[in-house]
Amino acid sequence: MAVTGGAAMSDASKQFEYLLRLGDNALVLGQRLSAWVGHAPVLEEEMATANVALDLIGQAKSWLDLAGQVEGEGRDADWLAYHRDAWDYRNALLVEQPNGDYAMTIMRQFLFDAFHLPLLEQLAASGDERVRDIAAKSVKEVRYHLRRSSEWVIRLGDGTEESHRRTQAALDELWRFTGELMAADAVDQAMVEQGLGADLEPVADAWRQRVDQVLEAATLERPGEQWMQQGGKQGRHSEHLGYILAEMQFLPRAYPDARW
Amino acid sequence: MYSQLVDTGAKGKPSREGMSPEEAAFQDRIDQDITVEPRDWMPEQYRKTLIRQISQHAHSEIVGMLPEGNWISRAPSLRRKLILLAKVQDEAGHGLYLYSAAETLGVDRQELLDALHSGKAKYSSIFNYPTLTWADIGAIGWLVDGAAIMNQIPLCRCSYGPYARAMVRICKEESFHQRQGYEIMLELCRGTEEQKRMAQDALNRWWWPSLMMFGPPDGESVHTQQSMAWKIKRHTNDELRQRFIDQTVPQAHYLGLTLPDPELRYDEESGHWQIGEIDWSEFWRVIQGDGPCNRERLGARVRAYEEGAWVREAARVHAEKQAARRAA
């Protein structure tokens with residue numbers, strides 16, 4: 001499917017695609033974050049990281065269940081999470097990037113949260129009641145995620161020479177994955193037209209404003225204009241996603257007749 | 001759970017004769033079930049014993065996150081993943097309250113962590129066993145949390161107030177965890193042949209180590225009497241172990257599983273399940289560092305701590321800069 005794809009799809013399948021994007025972003029990031037549990041730099045961060053991961057996986061479950069309903073083929077969140085291969089995943093490239101050091105994890109989280117919050121704020125006023133309900137619940141959680149990740153970016157950017165260097169390196173590394181978040185394609189446009197989805201332009205404005213403000217407080221330098229990697233939203237992923245799924249899906253794949 | 005060999009500095013039964021007037025007055029208050037609070041006078045050995053016990057318990061919660069954390073990424077459904085993640089998060093929370101309870105006795109978390117990382121402080125031997133299949137997550141919830149609760153319910157009435165209050169909170173969460181563990185086992189035992197095999201294999205591996213969680217037999221537990229006199233401990237190791245066995249054997253039977261003990265039998269006269277000999281050499285081996293995962297567990301904690309040093313340092317320096325900016 002081309003980056004601008006989705007033009008030939010039915011309304012229901014565009015909705016399905018759109019809901020997969022919401023669910024898959026939350027699921028893949030939640031999966032990544034949960035790998036820190038037991039290994040975080042300080043006990044309070046074990047709690048906070050687990051908390052954010054719990055919120056995200058809970059949100060993923062809601063979005064994917066709704067995606068399954070919209071699709072109408074009897075697939076639920078578990079089926080969609082555990083039985084799709086990478087090419088059928090619709091998360092942005094940013095969230096599948098490796099955890100790296102704590103600066104990388106925090107920066108990935110911040111760049112995503114700064115997008116996720118204004119997105120959900122719009123979805124909380126969606127014309128579709130089901131979308132509105134999930135978004136309204138998620139927005140409260142994500143407001144906290146963004147506050148936390150902003151504080152950490154500032155703390156690490158402003159902290160020591162080492163933490164500043166690591167955090168700047170994380171920002172430079174991840175910047176190329178940020179454009180995709182706010183690049184609207186035919187699916188996004190159709191969802192705006194149907195009154196279900198969010199207009200990504202104001203989301204991008206809110207994102208830029210927040211990012212500039214936090215980077216300044218963190219004494220970090222915003223990377224220059226550069227090529228933005230894209231494709232995750234349309235199912236063309238980095239090499240990382242296959243490994244994430246291989247691990248996550250192992251049991252239901254290895255024991256297809258089992259219930260857990 | 002999770003304190004197995006707490007040195008009280010005294011062996012055998014304490015006697016009133018050698019006590020100073022302060023110690024005698026302290027013991028009187030304990031005997032009257034008056035709770036000891038941080039500002040109260042207490043014998044140095046009582047304070048040290050509690051620090052050892054509470055910190056062992058806290059370390060066990062933190063190290064205990066690792067074997068279960070090993071399956072978060074592979075939990076077989078989103079619901080199971082959420083439950084497991086929340087459970088491991090609760091353990092981090094228990095670690096936090098327990099370190100805080102220990103801090104009321106005049107130590108700080110840093111000292112306690114240093115003792116863990118250097119290998120000086122102990123944690124429960126149970127966490128030095130590997131989690132090899134999903135059924136291990138069920139077995140840990142059912143057996144390990146079950147044994148922990150058996151140990152911890154009496155600690156809710158421990159003579160030291162902050163510890164007793166922490167335990168009340170912890171016990172509520174642990175009993176929830178135990179039910180979730182048993183539910184995993186139930187689902188497996190009602191499932192496919194492979195799932196039943198997984199459940200049986202997990203029980204085979206976790207049964208004996210769970211029994212060892214209660215610590216050495218009463219005859220060898222030299223510190224028990226002093227701890228009981230201080231009401232830090234309310235029951236002996238063997239009493240608690242027997243209660244756990246009596247509770248758990250019927251649960252295993254209900255699951256349709258076989259306990260890995262050919263000598264297990266029900267004694268009509270006493271009304272108790274009697275087990276075969278526990279292999280105490282295994283217990284001592286694991287306590288002394290040669291369990292299957294001792295190196296991995298401690299190594300993972302030390303690595304997390306060392307790799308997180310720059311993060312903690314950055315947070316400290318940033319806080320100082322903020323304070324200076326506010327002052328300016």
# chains A, B, ... in the order shown; residues from 1 in each chain; ligands from 1
call {"tool": "interface_residues", "arguments": {"of": "chain A", "to": "chain B", "cutoff": "7 Å", "atoms": "only C-alpha atoms", "output": "list of chain:residue names"}}
result
A:Gln31, A:Ala35, A:Val37, A:Gly38, A:His39, A:Ala40, A:Pro41, A:Leu43, A:Glu46, A:Met47, A:Ala50, A:Leu54, A:Lys61, A:Asp78, A:Arg155, A:Leu156, A:Asp158, A:Gly159, A:Thr160, A:Ser163, A:Glu247, A:Met248, A:Gln249, A:Phe250, A:Leu251, A:Pro252, A:Ala258, A:Arg259, A:Trp260
call {"tool": "residues_around", "arguments": {"residues": "Pro118 of chain A", "least_positions_apart": "4", "cutoff": "8 Å", "atoms": "only C-alpha atoms", "output": "ChimeraX atom specification"}}
result
/A:114,122,203,206-207
call {"tool": "select_by_dssp", "arguments": {"residues": "segment 83-320 of chain B", "states": "helix (DSSP H, G or I)", "output": "ChimeraX atom specification"}}
result
/B:83-103,109-117,125-128,135-152,154-157,161-189,193-212,218-220,224-229,237-255,280-290,294-307,309-320
call {"tool": "atom_distance", "arguments": {"atom1": "atom CA of Val42 of chain A", "atom2": "atom CA of Tyr99 of chain B"}}
result
12.9 Å
call {"tool": "closest_residue", "arguments": {"among": "B:Arg197, B:Arg285, B:Lys120, B:His94", "to": "Arg169 of chain B", "atoms": "only C-alpha atoms"}}
result
B:His94
